[in-house]
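Everything below belongs to coords_24.txt, which stores compact mmCIF, C-alpha atoms.
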```txt
# COMPACT_ATOMS: atom_id res chain seq x y z
CA MET K 71 0.00 0.00 0.00
CA LEU K 72 1.23 3.47 -0.90
CA THR K 73 1.17 6.48 1.41
CA PRO K 74 -0.18 9.32 -0.76
CA ARG K 75 1.29 12.78 -0.53
CA THR K 76 0.06 16.17 -1.74
CA LEU K 77 1.36 18.68 -4.24
CA ASP K 78 2.76 20.80 -1.41
CA ASP K 79 5.21 17.97 -0.69
CA LEU K 80 6.61 18.40 -4.21
CA LYS K 81 7.04 22.17 -4.23
CA ASP K 82 10.80 21.74 -3.78
CA GLY K 83 10.98 19.41 -6.76
CA PHE K 84 11.21 15.66 -7.21
CA GLY K 85 14.81 15.17 -6.15
CA PRO K 86 17.61 13.58 -8.16
CA SER K 87 16.49 10.65 -10.29
CA ASP K 88 17.09 9.53 -13.86
CA ARG K 89 13.58 8.04 -13.86
CA MET K 90 10.81 10.32 -15.06
CA PRO K 91 7.54 10.67 -13.13
CA LEU K 92 4.17 9.56 -14.44
CA VAL K 93 1.41 12.17 -14.46
CA PHE K 94 -2.37 11.87 -14.77
CA LEU K 95 -4.31 15.13 -14.93
CA GLY K 96 -8.07 15.52 -14.75
CA HIS K 97 -8.45 18.16 -17.45
CA GLY K 98 -12.16 18.92 -17.15
CA SER K 99 -13.62 21.82 -19.12
CA PRO K 100 -11.57 23.31 -21.98
CA MET K 101 -12.13 26.68 -20.28
CA ASN K 102 -9.46 25.73 -17.74
CA ALA K 103 -6.99 26.49 -20.54
CA ILE K 104 -7.79 30.20 -20.55
CA GLU K 105 -9.19 30.88 -17.08
CA ASP K 106 -7.47 31.29 -13.74
CA THR K 107 -8.84 28.28 -11.85
CA PRO K 108 -7.62 26.12 -8.97
CA TYR K 109 -6.85 23.48 -11.57
CA SER K 110 -4.77 25.63 -13.92
CA ARG K 111 -2.86 27.02 -10.92
CA ALA K 112 -2.14 23.50 -9.68
CA TRP K 113 -0.90 22.48 -13.14
CA SER K 114 1.46 25.47 -13.16
CA ASP K 115 2.74 24.53 -9.71
CA LEU K 116 3.29 20.95 -10.84
CA GLY K 117 5.13 22.14 -13.95
CA ALA K 118 7.48 24.20 -11.79
CA ALA K 119 8.31 21.09 -9.75
CA LEU K 120 8.62 18.56 -12.59
CA PRO K 121 12.03 17.74 -14.06
CA ARG K 122 12.62 18.68 -17.67
CA PRO K 123 12.03 15.62 -19.85
CA LYS K 124 13.64 14.80 -23.18
CA ALA K 125 10.15 14.21 -24.60
CA ILE K 126 6.53 13.93 -23.49
CA LEU K 127 4.23 11.08 -24.50
CA VAL K 128 0.55 11.93 -24.02
CA VAL K 129 -2.37 9.53 -23.76
CA SER K 130 -5.49 11.69 -24.05
CA ALA K 131 -9.14 10.76 -23.70
CA HIS K 132 -9.78 12.62 -26.95
CA TRP K 133 -7.82 10.41 -29.36
CA MET K 134 -9.84 7.25 -29.72
CA THR K 135 -9.24 4.52 -32.27
CA ARG K 136 -10.61 1.02 -32.80
CA GLY K 137 -8.49 -2.04 -33.47
CA THR K 138 -5.19 -0.18 -33.42
CA THR K 139 -2.98 2.00 -31.21
CA LEU K 140 -1.82 4.97 -33.25
CA VAL K 141 1.31 6.98 -32.50
CA ASP K 142 1.71 10.53 -33.81
CA VAL K 143 4.97 10.64 -35.79
CA SER K 144 4.58 14.19 -37.15
CA GLU K 145 7.38 16.76 -37.03
CA MET K 146 5.12 19.58 -35.83
CA PRO K 147 1.88 18.36 -34.22
CA ARG K 148 -1.03 20.69 -34.99
CA THR K 149 -3.11 22.21 -32.19
CA ILE K 150 -6.58 20.65 -32.43
CA HIS K 151 -9.60 22.61 -31.18
CA ASP K 152 -11.88 19.63 -30.72
CA PHE K 153 -14.83 21.31 -29.00
CA TYR K 154 -17.79 23.50 -29.94
CA GLY K 155 -19.58 26.58 -28.63
CA PHE K 156 -16.73 28.10 -26.63
CA PRO K 157 -15.34 31.68 -26.69
CA ASP K 158 -13.14 32.77 -29.59
CA ALA K 159 -10.17 33.11 -27.23
CA LEU K 160 -10.12 29.36 -26.75
CA TYR K 161 -9.94 28.71 -30.50
CA ALA K 162 -7.02 31.13 -30.74
CA GLU K 163 -4.91 28.99 -28.41
CA ASN K 164 -1.86 27.39 -30.00
CA TYR K 165 0.74 25.07 -28.50
CA PRO K 166 3.63 25.07 -30.99
CA ALA K 167 5.72 22.23 -29.59
CA HIS K 168 7.75 20.07 -31.94
CA GLY K 169 7.10 16.37 -32.28
CA GLN K 170 9.63 13.61 -31.77
CA PRO K 171 9.28 11.44 -34.89
CA GLU K 172 12.29 9.22 -34.25
CA LEU K 173 11.18 8.28 -30.75
CA ALA K 174 7.56 8.03 -31.86
CA ARG K 175 8.51 5.45 -34.48
CA GLU K 176 10.32 3.48 -31.78
CA VAL K 177 7.09 3.52 -29.78
CA VAL K 178 5.24 2.16 -32.83
CA SER K 179 7.63 -0.81 -32.76
CA LEU K 180 7.31 -1.08 -28.98
CA LEU K 181 3.54 -1.36 -29.37
CA ALA K 182 3.67 -3.85 -32.25
CA SER K 183 1.89 -6.48 -30.15
CA HIS K 184 -0.82 -3.88 -29.47
CA HIS K 185 -1.36 -3.13 -33.17
CA GLY K 186 0.80 -0.01 -33.04
CA GLU K 187 0.85 2.11 -36.19
CA GLY K 188 2.33 5.49 -37.05
CA ASP K 189 0.08 8.44 -37.87
CA ASP K 190 0.93 11.95 -39.06
CA THR K 191 -2.58 13.43 -39.23
CA TRP K 192 -3.56 13.91 -35.59
CA GLY K 193 -1.51 16.35 -33.50
CA LEU K 194 -2.36 17.63 -30.01
CA ASP K 195 -6.02 17.60 -28.97
CA HIS K 196 -7.29 19.71 -26.09
CA GLY K 197 -6.73 16.89 -23.62
CA ALA K 198 -3.04 17.41 -24.32
CA TRP K 199 -2.39 21.09 -25.03
CA SER K 200 -4.82 22.51 -22.46
CA VAL K 201 -2.66 21.09 -19.65
CA LEU K 202 0.74 21.15 -21.36
CA LYS K 203 0.51 24.93 -21.69
CA PHE K 204 0.72 25.10 -17.89
CA LEU K 205 3.25 22.32 -17.34
CA TYR K 206 5.70 23.55 -19.99
CA PRO K 207 4.45 26.98 -21.07
CA GLU K 208 7.33 27.63 -23.47
CA ALA K 209 6.30 24.60 -25.56
CA ASP K 210 10.00 23.77 -25.73
CA VAL K 211 9.79 20.02 -24.99
CA PRO K 212 9.02 17.64 -27.88
CA VAL K 213 5.63 15.97 -27.49
CA PHE K 214 3.59 13.31 -29.26
CA GLN K 215 0.35 11.46 -28.58
CA VAL K 216 -0.63 7.79 -28.46
CA SER K 217 -4.26 6.83 -29.07
CA ILE K 218 -6.49 4.62 -26.95
CA ASP K 219 -8.00 1.52 -28.57
CA MET K 220 -11.68 1.63 -27.66
CA SER K 221 -12.28 -1.88 -29.00
CA ARG K 222 -10.42 -3.42 -26.06
CA ASP K 223 -11.42 -3.75 -22.42
CA LEU K 224 -10.09 -1.77 -19.46
CA ASP K 225 -7.20 -4.04 -18.53
CA TYR K 226 -5.73 -3.61 -22.02
CA GLN K 227 -4.83 -0.06 -21.13
CA LEU K 228 -2.97 -1.30 -18.06
CA GLU K 229 -0.94 -3.46 -20.46
CA ILE K 230 -0.22 -0.42 -22.64
CA GLY K 231 1.11 1.37 -19.58
CA ARG K 232 3.36 -1.55 -18.63
CA THR K 233 4.75 -1.63 -22.16
CA LEU K 234 5.43 2.10 -22.20
CA SER K 235 6.97 2.17 -18.71
CA GLN K 236 10.49 1.49 -19.98
CA LEU K 237 10.50 4.94 -21.59
CA ARG K 238 10.68 6.51 -18.14
CA ASP K 239 14.34 5.52 -17.88
CA ARG K 240 15.01 7.29 -21.18
CA GLY K 241 13.87 10.69 -20.01
CA VAL K 242 10.29 10.45 -21.32
CA LEU K 243 7.46 11.91 -19.27
CA ILE K 244 4.28 9.88 -19.75
CA LEU K 245 1.20 12.07 -19.30
CA GLY K 246 -2.37 10.79 -19.11
CA SER K 247 -5.22 13.26 -19.52
CA GLY K 248 -8.87 12.44 -18.82
CA ASN K 249 -11.05 12.35 -15.71
CA VAL K 250 -11.52 9.76 -12.95
CA VAL K 251 -15.27 10.48 -13.13
CA HIS K 252 -16.76 11.89 -16.33
CA ASN K 253 -20.53 11.89 -16.80
CA LEU K 254 -21.51 14.94 -18.85
CA ARG K 255 -25.14 13.86 -18.89
CA ALA K 256 -25.33 14.40 -15.13
CA MET K 257 -23.55 17.76 -15.01
CA SER K 258 -25.05 20.49 -12.86
CA TYR K 259 -23.90 24.06 -12.37
CA ALA K 260 -25.75 24.43 -9.08
CA GLY K 261 -25.92 21.04 -7.43
CA LYS K 262 -23.56 19.34 -5.02
CA PRO K 263 -21.51 16.34 -6.23
CA HIS K 264 -23.58 13.32 -7.09
CA ASP K 265 -23.24 10.38 -4.72
CA PHE K 266 -22.05 8.13 -7.55
CA ALA K 267 -19.28 10.61 -8.43
CA LEU K 268 -18.03 10.73 -4.86
CA ALA K 269 -18.28 6.95 -4.53
CA PHE K 270 -16.36 6.13 -7.71
CA ASP K 271 -13.73 8.78 -7.03
CA GLN K 272 -13.16 7.28 -3.57
CA LEU K 273 -13.12 3.71 -4.88
CA PHE K 274 -10.55 4.67 -7.51
CA THR K 275 -8.41 6.47 -4.94
CA ASP K 276 -8.47 3.54 -2.54
CA ARG K 277 -7.60 0.96 -5.19
CA LEU K 278 -4.85 3.13 -6.64
CA THR K 279 -3.36 3.67 -3.18
CA ASP K 280 -3.50 -0.09 -2.53
CA ARG K 281 -1.89 -0.73 -5.92
CA ASP K 282 -4.86 -2.94 -6.72
CA PHE K 283 -4.75 -2.02 -10.38
CA ALA K 284 -6.39 -5.28 -11.42
CA ALA K 285 -9.56 -4.13 -9.64
CA LEU K 286 -9.46 -0.83 -11.52
CA GLY K 287 -9.24 -2.74 -14.80
CA ASN K 288 -12.04 -5.19 -13.98
CA ARG K 289 -15.23 -3.93 -15.63
CA ALA K 290 -17.42 -6.60 -14.06
CA GLY K 291 -16.04 -5.93 -10.60
CA LEU K 292 -16.66 -2.19 -10.91
CA GLY K 293 -20.24 -2.94 -11.90
CA SER K 294 -22.96 -0.34 -12.26
CA LEU K 295 -20.90 2.30 -10.46
CA LEU K 296 -18.52 2.39 -13.43
CA GLN K 297 -21.45 2.90 -15.81
CA MET K 298 -22.73 5.83 -13.75
CA ALA K 299 -19.27 7.40 -13.48
CA HIS K 300 -18.42 6.74 -17.14
CA PRO K 301 -21.26 6.27 -19.63
CA THR K 302 -18.31 5.90 -22.01
CA VAL K 303 -14.89 4.99 -20.60
CA ASP K 304 -12.70 7.20 -22.82
CA HIS K 305 -11.85 9.59 -19.98
CA TYR K 306 -11.11 6.72 -17.59
CA LEU K 307 -8.63 4.81 -19.74
CA PRO K 308 -5.69 7.27 -19.59
CA ALA K 309 -5.70 6.91 -15.79
CA LEU K 310 -5.21 3.17 -16.27
CA THR K 311 -2.30 3.77 -18.64
CA ILE K 312 -0.53 5.77 -15.94
CA ALA K 313 -1.32 3.19 -13.25
CA GLY K 314 -0.01 0.40 -15.46
CA ALA K 315 3.27 2.22 -16.08
CA SER K 316 4.03 2.53 -12.37
CA ASP K 317 5.76 0.00 -10.14
CA VAL K 318 6.55 -0.68 -6.49
CA ARG K 319 9.45 1.80 -6.50
CA ASP K 320 7.07 4.72 -6.95
CA ASP K 321 5.56 7.10 -4.44
CA LEU K 322 2.10 8.52 -5.12
CA THR K 323 0.99 12.15 -4.91
CA PHE K 324 -2.62 13.30 -5.31
CA MET K 325 -3.74 16.80 -6.34
CA THR K 326 -6.95 18.67 -7.34
CA ASP K 327 -9.24 16.09 -5.77
CA SER K 328 -12.56 17.95 -6.11
CA ILE K 329 -15.70 17.09 -8.07
CA ASP K 330 -16.54 19.79 -10.63
CA LEU K 331 -20.00 20.42 -12.08
CA ALA K 332 -21.42 17.64 -9.86
CA SER K 333 -20.19 14.77 -12.05
CA VAL K 334 -16.61 15.42 -13.22
CA SER K 335 -13.75 14.38 -10.94
CA MET K 336 -10.75 16.67 -11.26
CA ARG K 337 -8.58 14.30 -9.24
CA SER K 338 -5.03 14.16 -10.56
CA PHE K 339 -2.06 12.10 -9.44
CA VAL K 340 1.65 11.62 -9.94
CA PHE K 341 3.76 8.49 -9.56
CA HIS K 342 7.39 9.36 -8.92
CA ALA K 343 10.62 7.85 -7.62
CA ALA K 344 10.64 7.44 -3.85
```
Take the structure I supplied and represent it as structure tokens, if you would.
Amino acid sequence: MLTPRTLDDLKDGFGPSDRMPLVFLGHGSPMNAIEDTPYSRAWSDLGAALPRPKAILVVSAHWMTRGTTLVDVSEMPRTIHDFYGFPDALYAENYPAHGQPELAREVVSLLASHHGEGDDTWGLDHGAWSVLKFLYPEADVPVFQVSIDMSRDLDYQLEIGRTLSQLRDRGVLILGSGNVVHNLRAMSYAGKPHDFALAFDQLFTDRLTDRDFAALGNRAGLGSLLQMAHPTVDHYLPALTIAGASDVRDDLTFMTDSIDLASVSMRSFVFHAA
């Protein structure tokens, strides 16, 4: 069982280690990218504490594929504004980071058993750039995305994480972006958090702390609570990638653990060298 810490414990940095942390951020509304919120401030604080990676690999809830795991091999990933009905200022956002084609092609080979394929048409969706702009605001670290295969079950994404974990020792920061609870149908601007949102967020936290990742990847075991927390599981899967990439040498830090809009968990966490 892990003993979780808080972001305040990391304000002085992560200490000397050649092994990169693993980060999962609950990204929530795209408006967090242009507003001063507790979440955007926490992402900036985390960015100030994180070591500088050689590259960033992002698994975002917003790049979904079926039957394959795509890896963005483009030289200059485009900034994708994959949302509708928001202010013009949000569509003007640009995150001009370079890609890392050579490493990305290595990841394609690494994921061969998971139907890995290269892709140069995607870029950085808002699950990626809306948080990266706070972590590394100069956009001066190469970054590329890896898709999530929606045709496979939950535990498959744990396997993806285990496969990618070796990149940590090569200076690659693996970043997952989604939400531990994400039910847009149940959103409320006035109401308190739904009981199901609090329950699933707590269950996830307890299992993650216990390193019982198999339980987090067991759809049948999670039962109807999973369906209420995630009518579709796209925002859940990146959290499993990050869990799968961790091991017993890691400490665990939680941050931004509130429920937003009654049904969106903003809980974020970092696995890092003890």
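Here atom CA of Gly137 of chain K stands at a distance of 12.7 Å from atom CA of Leu181 of chain K.
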Closest atom pairs, residues of segment 191-224 of chain K within 12 Å of segment 270-291 of chain K, all atoms listed in the file, as CSV:
```
residue,atom,partner,partner_atom,distance
K:Arg222,CA,K:Gly287,CA,11.3
K:Asp223,CA,K:Arg289,CA,7.8
K:Leu224,CA,K:Gly287,CA,4.8
```
Mind listing as a VMD selection string all residues within 10 Å of (11.1, 11.2, -14.8), counting all atoms listed in the file? chain K and resid 84 86 to 93 120 to 124 237 to 244 341 to 343
How many Å lie between atom CA of Ser144 of chain K and atom CA of Phe204 of chain K, rounded to one decimal? 22.5 Å
Tell me, as JSON, numbers by chain, which residues lie within 7 Å of Asp327 of chain K, counting all atoms listed in the file; anything in the same chain fewer than 4 positions away does not count. {"K": [336, 337, 338]}
With all atoms listed in the file as the atoms that count, which of K:Ser200, K:Gln170, K:Thr135, K:Gln227 lies nearest to Asn102 of chain K? K:Ser200
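Between atom CA of Lys203 of chain K and atom CA of Phe156 of chain K the interatomic distance comes to 18.2 Å.
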Identify which of the residues K:Ala103, K:Val143, K:Ala269, K:Val213 lies closest to His196 of chain K, counting all atoms listed in the file when measuring atom-to-atom distances.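 The shortest atom-to-atom distance to His196 of chain K comes from K:Ala103.
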Residues near segment 306-318 of chain K, anyone? I mean within 7 Å using only C-alpha atoms, not counting same-chain ones fewer than 5 positions away, as a list in words. Leu92, Val93, Phe94, Val129, Ser130, Ala131, Leu224, Gln227, Leu228, Glu229, Ile230, Gly231, Arg232, Leu234, Ser235, Gly246, Ser247, Gly248, Asn249, Val250, Phe283 and Phe341 of chain K
Need the axis-aligned box for segment 215-233 of chain K with 5 Å each side, so what are the centre and edges in Å to one decimal, as AutoDock Vina command-line options?
```
--center_x -3.8 --center_y 3.7 --center_z -23.6 --size_x 27.0 --size_y 25.5 --size_z 21.0
```
Here is a test: counting all atoms listed in the file, which residue of K:Ala174, K:Val141, K:Ala209, K:Ala198 is nearest to Gly186 of chain K?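 Checking each candidate against Gly186 of chain K, we get K:Val141 as the closest.
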Point out the residue among K:Asn164, K:Ser294, K:Gln215, K:Thr233 with the least atom-to-atom distance to His184 of chain K, counting all atoms listed in the file.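 Closest to His184 of chain K, using all atoms listed in the file: K:Thr233.
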For a quick check of understanding, using all atoms listed in the file, which of K:Ala119, K:Ala162, K:Leu180, K:Ala112 has the smallest distance to Gln236 of chain K?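 Once distances to Gln236 of chain K are computed over all atoms listed in the file, the minimum belongs to K:Leu180.
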Can you pull out every residue within 6 Å of Trp113 of chain K, counting all atoms listed in the file, but drop anything in the same chain fewer than 2 positions away, and send it as a list in words? Ser110, Arg111, Asp115, Leu116, Phe204 and Leu205 of chain K
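Proximity to Ile150 of chain K was assessed for K:Asp304, K:Asp195, K:Asp321, K:Asp219 counting only C-alpha atoms; the smallest distance is recorded for K:Asp195.
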Kindly add all heavy atoms to the incomplete segment 269-280 of chain K and provide the output as a CSV table (one decimal), in the coordinates of the input.
```csv
chain,number,residue,atom,x,y,z
K,269,ALA,N,-18.6,8.4,-4.8
K,269,ALA,CA,-18.3,7.0,-4.5
K,269,ALA,C,-17.2,6.4,-5.5
K,269,ALA,O,-16.3,5.7,-5.0
K,269,ALA,CB,-19.6,6.1,-4.6
K,270,PHE,N,-17.3,6.7,-6.8
K,270,PHE,CA,-16.4,6.1,-7.7
K,270,PHE,C,-15.0,6.8,-7.5
K,270,PHE,O,-14.0,6.1,-7.6
K,270,PHE,CB,-16.8,6.3,-9.2
K,270,PHE,CG,-16.0,5.5,-10.1
K,270,PHE,CD1,-16.2,4.2,-10.4
K,270,PHE,CD2,-14.9,6.1,-10.8
K,270,PHE,CE1,-15.4,3.4,-11.2
K,270,PHE,CE2,-14.1,5.3,-11.6
K,270,PHE,CZ,-14.4,4.0,-11.8
K,271,ASP,N,-15.0,8.1,-7.3
K,271,ASP,CA,-13.7,8.8,-7.0
K,271,ASP,C,-13.0,8.2,-5.8
K,271,ASP,O,-11.8,8.0,-5.8
K,271,ASP,CB,-14.0,10.3,-6.8
K,271,ASP,CG,-12.7,11.1,-6.6
K,271,ASP,OD1,-12.0,11.3,-7.6
K,271,ASP,OD2,-12.4,11.5,-5.5
K,272,GLN,N,-13.8,7.9,-4.8
K,272,GLN,CA,-13.2,7.3,-3.6
K,272,GLN,C,-12.7,5.9,-3.8
K,272,GLN,O,-11.6,5.4,-3.4
K,272,GLN,CB,-14.1,7.3,-2.4
K,272,GLN,CG,-13.5,6.9,-1.1
K,272,GLN,CD,-12.4,7.8,-0.6
K,272,GLN,OE1,-12.6,9.0,-0.5
K,272,GLN,NE2,-11.2,7.3,-0.4
K,273,LEU,N,-13.5,5.1,-4.5
K,273,LEU,CA,-13.1,3.7,-4.9
K,273,LEU,C,-11.8,3.7,-5.7
K,273,LEU,O,-10.9,2.9,-5.4
K,273,LEU,CB,-14.2,3.0,-5.7
K,273,LEU,CG,-14.0,1.6,-6.1
K,273,LEU,CD1,-15.4,0.9,-6.2
K,273,LEU,CD2,-13.3,1.5,-7.4
K,274,PHE,N,-11.8,4.6,-6.7
K,274,PHE,CA,-10.6,4.7,-7.5
K,274,PHE,C,-9.3,5.0,-6.7
K,274,PHE,O,-8.3,4.4,-6.8
K,274,PHE,CB,-10.7,5.7,-8.6
K,274,PHE,CG,-9.5,5.9,-9.5
K,274,PHE,CD1,-9.4,5.1,-10.6
K,274,PHE,CD2,-8.5,6.8,-9.2
K,274,PHE,CE1,-8.2,5.2,-11.4
K,274,PHE,CE2,-7.4,6.9,-10.0
K,274,PHE,CZ,-7.3,6.1,-11.1
K,275,THR,N,-9.5,6.0,-5.8
K,275,THR,CA,-8.4,6.5,-4.9
K,275,THR,C,-7.9,5.4,-4.0
K,275,THR,O,-6.7,5.1,-3.9
K,275,THR,CB,-8.9,7.7,-4.1
K,275,THR,OG1,-9.3,8.7,-5.0
K,275,THR,CG2,-7.7,8.2,-3.2
K,276,ASP,N,-8.8,4.6,-3.4
K,276,ASP,CA,-8.5,3.5,-2.5
K,276,ASP,C,-7.7,2.4,-3.3
K,276,ASP,O,-6.7,1.9,-2.8
K,276,ASP,CB,-9.7,3.0,-1.9
K,276,ASP,CG,-10.4,3.9,-0.9
K,276,ASP,OD1,-9.7,4.9,-0.5
K,276,ASP,OD2,-11.5,3.7,-0.5
K,277,ARG,N,-8.2,2.0,-4.4
K,277,ARG,CA,-7.6,1.0,-5.2
K,277,ARG,C,-6.2,1.4,-5.7
K,277,ARG,O,-5.3,0.6,-5.7
K,277,ARG,CB,-8.5,0.5,-6.4
K,277,ARG,CG,-9.8,-0.1,-5.9
K,277,ARG,CD,-9.7,-1.4,-5.1
K,277,ARG,NE,-11.0,-1.8,-4.7
K,277,ARG,CZ,-11.6,-1.5,-3.6
K,277,ARG,NH1,-10.9,-0.7,-2.7
K,277,ARG,NH2,-12.8,-2.0,-3.2
K,278,LEU,N,-6.1,2.6,-6.2
K,278,LEU,CA,-4.8,3.1,-6.6
K,278,LEU,C,-3.8,3.1,-5.5
K,278,LEU,O,-2.7,2.7,-5.7
K,278,LEU,CB,-5.0,4.5,-7.2
K,278,LEU,CG,-3.9,5.0,-8.1
K,278,LEU,CD1,-3.8,4.3,-9.4
K,278,LEU,CD2,-4.0,6.6,-8.3
K,279,THR,N,-4.2,3.6,-4.3
K,279,THR,CA,-3.4,3.7,-3.2
K,279,THR,C,-2.9,2.3,-2.8
K,279,THR,O,-1.8,2.1,-2.4
K,279,THR,CB,-4.1,4.4,-2.0
K,279,THR,OG1,-4.4,5.7,-2.4
K,279,THR,CG2,-3.2,4.5,-0.8
K,280,ASP,N,-3.8,1.3,-2.9
K,280,ASP,CA,-3.5,-0.1,-2.5
K,280,ASP,C,-2.7,-0.8,-3.6
K,280,ASP,O,-2.4,-2.0,-3.5
K,280,ASP,CB,-4.8,-0.9,-2.3
K,280,ASP,CG,-5.5,-0.4,-1.0
K,280,ASP,OD1,-4.9,0.2,-0.1
K,280,ASP,OD2,-6.7,-0.7,-0.9
```
